[in-house]
Amino acid sequence: MGYSFTAPAKNWATEPIERTEILWITIAGSWCLFMFVWMIAWHWIGNQNMANEAYKTTTDTYAKKVEDFTAKYTVRQDKSDPSLPVVAPPPGSDVYLAASRWQWRPVLELQKGKSYRVHISSLDWDHGFSLQPENINFTAYPGYESVITMTPNKSGTFAIVCNEYCGIGHHTMLGRIYVKE
Amino acid sequence: MAITTAQSPFRTDPLTGLRIDLTAATLVKVNAVLAVVFLLVGGTAGLLVALTRWPAVHLLPADLFYMALTVHGIVALMVWIIFFEIAVLYFVPTALLSCRLAAPKMAWTQVALMTIGAAITAVAILQGDSSVMMTSYVPMNAAPHFYLGLILFAVGALIGCGVFWGTLVIAKEEKTYEGSLPLTVYGCMVATVIAVFTIASGAIILIPTFLWSLGLIKSIDPMMYRVIWWAFGHSSQQINVTAHITIWYTVAGLAFGAKPMSEKVSRTAFLLYILFLQFGSVHHLLSDPGLSSAWKIFNTSYMMYLAVLASLIHGLTVPGSIEVAQRRNGLNNGLFEWLRKCPWGNPVFSSTILSIIIFGFIGGITGVVMSVEQVNMIIHNTIYVPGHFHGTVAGGTTLAFMGLTYYLIPVLFQRQVIMKPLAALQPWLFGGGMSVFALAIMGAGTLGVPRRHWDITFAGQALGYEWPGLTQMFMAVGEIGGVIAVVGGALFCLIVVGSILMGEPVPADAKNIVAPPADAGGHKEIGAGGFEAPGTFVLAMVLFVTLVLYYFVNFKYLATLWTLT
């Protein structure tokens with residue numbers, strides 16, 4: 001009687017709980033409650049939070065937005081890949097990034113300390129937005145356009161690595177963001 | 001206990017005194033052997049993946065790498081584990097409740113459907129146009145029979161749950177047991193409740209996706225797919241957690257004569273799993289667009305972390321019950337005499353205790369931290385994620401299943417385990433290798449290295465990116481750990497198959513390899529400071545402090561990033 005693999009003692013539901021367990025449950029339970037509150041509180045006390053802004057869209061509509069945005073603010077072609085336009089939008093403006101097999105377009109040039117409303121969506125399959133070396137990671141999928149307000153706090157060259165598997169060319173899928181002082 | 005069934009032959013196992021229903025035993029053996037065969041397949045695919053992501057080796061070309069990774073995910077994470085779980089579901093109620101198995105023909109249907117389903121999906125993947133990973137996110141598409149195989153496999157698993165429930169009904173009606181269900185049976189029952197939810201979710205999303213792949217449905221919404229698929233994909237891991245924790249309790253009883261410290265606490269913790277564990281599916285959607293923070297926080301906190309609390313409880317009570325049993329049997333000196341004098345060379349015990357440690361310290365701590373809405377932004381889809389779940393599913397579930405297998409070989413097959421010294425080493429190889437693998441690739445993931453990626457050097461890419469210097473080291477050390485784990489896994493398969501085919505018969509007068517010792521101490525004073533399990537409490541506090549520190553380290557790192565609102 002009373003082993004895990006035999007019937008429990010008849011009074012199992014009323015047996016007192018041993019001190020080790022009571023103390024542990026109290027400590028663990030308090031920590032669980034703290035984590036719950038902290039995750040909510042970080043939305044006010046922290047500067048890194050998920051945006052709650054997203055829109056339904058279509059791949060055609062979104063592709064058009066990216067095209068218009070690129071045409072409006074292109075400043076040069078990228079030195080590393082001359083086929084890619086480098087787009088320098090004014091601070092505070094809406095920025096459109098499109099993921100497609102297998103590229104993040106366009107290349108952006110942002111200013112340190114300025115905020116941008118960065119729109120992210122995919123034109124075909126699910127893709128990943130992984131900004132390196134910051135290591136900020138979001139998901140992009142077709143038909144949904146998310147808007148994240150980003151304020152770079154460092155200057156330099158940042159890579160966008162696709163980290164959602166998207167077919168045979170997945171490991172060739174990259175993008176780039178330049179941040180100027 | 002009364003034996004009322006005439007229609008089903010049985011034998012009384014000399015080792016354990018358990019009444020083994022022969023029909024059930026055959027089905028348990030078939031499912032367990034199929035499980036081990038698939039473990040071999042999944043492990044082999046895992047080896048190919050590890051040897052490709054090891055930068056110095058980079059074995060496979062890209063197409064074969066993605067194919068091997070798809071095979072590894074589906075076979076090692078789903079097929080091996082669910083076959084083994086069905087074996088457990090057939091063994092536990094029949095043996096522990098001295099009952100016959102309900103509807104053996106349905107059970108054979110389960111075997112057939114799951115085998116055929118797994119085979120069809122495997123063929124689809126090997127044909128080359130279904131390298132879509134286990135997650136198979138739409139609109140990326142696989143061949144129709146890729147989905148069909150998964151559906152058949154899931155239907156088979158659902159039938160297996162039905163047979164389990166039918167057996168419980170028979171046991172109740174035929175009064176083969178008295179009082180409440182044993183904790184082990186109760187834990188299995190919890191696992192099947194979660195399994196039914198899981199399989200229903202899988203059906204809801206995979207059947208339309210199958211029809212879509214045939215051209216009968218125009219499109220599947222990518223967000224809807226992800227939400228429902230993860231109710232299947234993550235919940236299936238919750239079945240595993242429930243199953244392997246049930247096995248922890250069982251082995252603690254079998255190996256030490258341990259009794260749950262409090263049936264009430266342990267059963268309530270299992271109940272919390274039924275109520276709250278499924279919410280965890282949303283962990284995978286934390287960095288997705290279109291879902292609100294409130295919804296994400298409610299779900300991924302498992303409703304205020306009540307399911308996490310349940311795991312923390314099990315993590316204390318299982319080793320705590322072992323400590324109490326050891327102390328009652330005279331190992332009552334100091335904090336850790338009971339632990340030092342555990343049978344570390346017995347693979348049944350070492351697999352179980354390593355499973356508890358790896359699941360808690362590696363899988364558990366990282367799982368809690370990475371599932372924080374904000375922290376997830378620095379972890380999502382990096383190779384940290386596979387690091388985490390190899391701590392839970394490979395180091396936790398698979399290792400626990402290995403331990404139970406060592407116990408069941410003499411009971412079910414009436415054969416002794418062969419190559420005992422190697423069997424003693426095997427859990428350490430597998431658990432040790434898996435721990436190195438998990439920790440090292442989590443290091444790489446912290447530096448941003450993506451998962452499911454063939455070439456992180458970005459060779460020939462105009463926009464290529466060079467990772468921080470430590471990355472190569474983390475990847476190399478990790479994959480070497482992975483290879484060691486595969487060697488440990490292969491050794492397990494070899495020992496199991498070898499024991500079944502060539503093991504010495506169990507002698508008629510044999511005592512069990514592990515058996516509950518007599519409860520010598522009775523109620524004598526044990527422990528220290530009014531605590532019956534002070535050693536376990538100290539170990540639990542080590543886990544707790546590690547968790548708290550690691551939690552805040554991640555927020556510290558997060559706070560240095562670009563401002564994101």
# chains A, B, ... in the order shown; residues from 1 in each chain; ligands from 1

call {"tool": "closest_atom_pairs", "arguments": {"of": "chain B", "to": "chain A", "cutoff": "6 Å", "atoms": "only C-alpha atoms", "output": "tab-separated table"}}
result
residue	atom	partner	partner_atom	distance
B:Pro139	CA	A:Trp125	CA	5.6
B:Met140	CA	A:Trp125	CA	5.9
B:Ser180	CA	A:Ala7	CA	5.9
B:Leu181	CA	A:Ala7	CA	5.7
B:Pro182	CA	A:Ala7	CA	4.3
B:Leu183	CA	A:Ser4	CA	4.9
B:Thr184	CA	A:Phe5	CA	5.3
B:Thr250	CA	A:Ser4	CA	5.6
B:Gly253	CA	A:Tyr3	CA	5.8
B:Lys259	CA	A:Tyr3	CA	4.6
B:Glu263	CA	A:Trp12	CA	6.0
B:Lys264	CA	A:Ala13	CA	5.5
B:Ser287	CA	A:Phe138	CA	5.0
B:Asp288	CA	A:Thr139	CA	5.1
B:Pro289	CA	A:Ser146	CA	5.3
B:Gly290	CA	A:Ala54	CA	5.0
B:Ser292	CA	A:Asn52	CA	5.5
B:Met304	CA	A:Phe36	CA	5.5
B:Tyr305	CA	A:Cys32	CA	5.4
B:Gln374	CA	A:Asn49	CA	5.7
B:Met377	CA	A:Asn137	CA	5.1
B:Ile378	CA	A:Ile136	CA	5.1
B:His380	CA	A:Asn137	CA	5.8
B:Asn381	CA	A:Asn163	CA	5.9
B:Gly448	CA	A:Asn135	CA	5.2
B:Pro450	CA	A:Asn163	CA	5.2
B:His453	CA	A:His171	CA	5.6
B:Trp454	CA	A:His171	CA	5.8
B:Asp455	CA	A:His171	CA	5.8
B:Ala462	CA	A:Ser80	CA	5.5
B:Phe531	CA	A:Thr20	CA	5.5
B:Trp562	CA	A:Pro152	CA	4.7
B:Thr563	CA	A:Thr151	CA	4.9
B:Leu564	CA	A:Gln48	CA	4.6
B:Thr565	CA	A:Thr149	CA	5.2

call {"tool": "closest_residue", "arguments": {"among": "B:Leu309, B:Val324, B:Ala444, B:Val545", "to": "B:Phe256", "atoms": "only C-alpha atoms"}}
result
B:Val324

call {"tool": "select_by_dssp", "arguments": {"residues": "stretch 12-92 of chain A", "states": "strand (DSSP E)", "output": "PyMOL selection string"}}
result
chain A and resi 53-56+74-77+85-87

call {"tool": "select_by_dssp", "arguments": {"residues": "stretch 265-447 of chain B", "states": "helix (DSSP H, G or I)", "output": "ChimeraX atom specification"}}
result
/B:265-285,293-300,302-328,337-340,347-370,375-378,384-413,420-446

call {"tool": "residues_around", "arguments": {"residues": "B:Tyr551", "least_positions_apart": "2", "cutoff": "9 Å", "atoms": "only C-alpha atoms", "output": "JSON, numbers by chain"}}
result
{"B": [365, 366, 368, 369, 370, 375, 546, 547, 548, 549, 553, 554, 555, 556]}

call {"tool": "atom_distance", "arguments": {"atom1": "atom CA of B:Thr405", "atom2": "atom CA of B:Gly360"}}
result
21.6 Å

call {"tool": "atom_distance", "arguments": {"atom1": "atom CA of B:Gly156", "atom2": "atom CA of B:Leu113"}}
result
5.0 Å

call {"tool": "residues_around", "arguments": {"residues": "B:Thr44", "least_positions_apart": "3", "cutoff": "8 Å", "atoms": "only C-alpha atoms", "output": "list in words"}}
result
Leu40, Val41, Leu47, Leu48, His72 and Val486 of chain B

call {"tool": "closest_residue", "arguments": {"among": "A:Ala99, A:Val86, A:Ile177, A:Val75", "to": "A:His119", "atoms": "only C-alpha atoms"}}
result
A:Ala99

call {"tool": "atom_distance", "arguments": {"atom1": "atom CA of B:Tyr302", "atom2": "atom CA of B:His390"}}
result
20.9 Å

call {"tool": "residues_around", "arguments": {"residues": "B:Ile207", "least_positions_apart": "5", "cutoff": "12 Å", "atoms": "only C-alpha atoms", "output": "list in words"}}
result
Pro144, His145, Phe146, Tyr147, Leu148, Gly149, Leu150, Ile151, Leu152, Ala154, Val155, Ile199, Ala200, Ser201, Gly202, Trp212, Ser213, Leu214, Leu216, Ile217, Ile220, Tyr225, Ile228 and Trp229 of chain B

call {"tool": "closest_residue", "arguments": {"among": "B:Leu277, B:Val241, B:Cys161, B:Val111", "to": "B:Phe401", "atoms": "only C-alpha atoms"}}
result
B:Val241

call {"tool": "closest_residue", "arguments": {"among": "A:Ser122, A:Thr59, A:Gln111, A:Ser155", "to": "A:Pro90", "atoms": "only C-alpha atoms"}}
result
A:Gln111

call {"tool": "residues_around", "arguments": {"residues": "B:Gly445", "least_positions_apart": "4", "cutoff": "8 Å", "atoms": "only C-alpha atoms", "output": "count of residues only"}}
result
8

call {"tool": "residues_around", "arguments": {"residues": "B:Phe65", "least_positions_apart": "6", "cutoff": "10 Å", "atoms": "only C-alpha atoms", "output": "count of residues only"}}
result
15
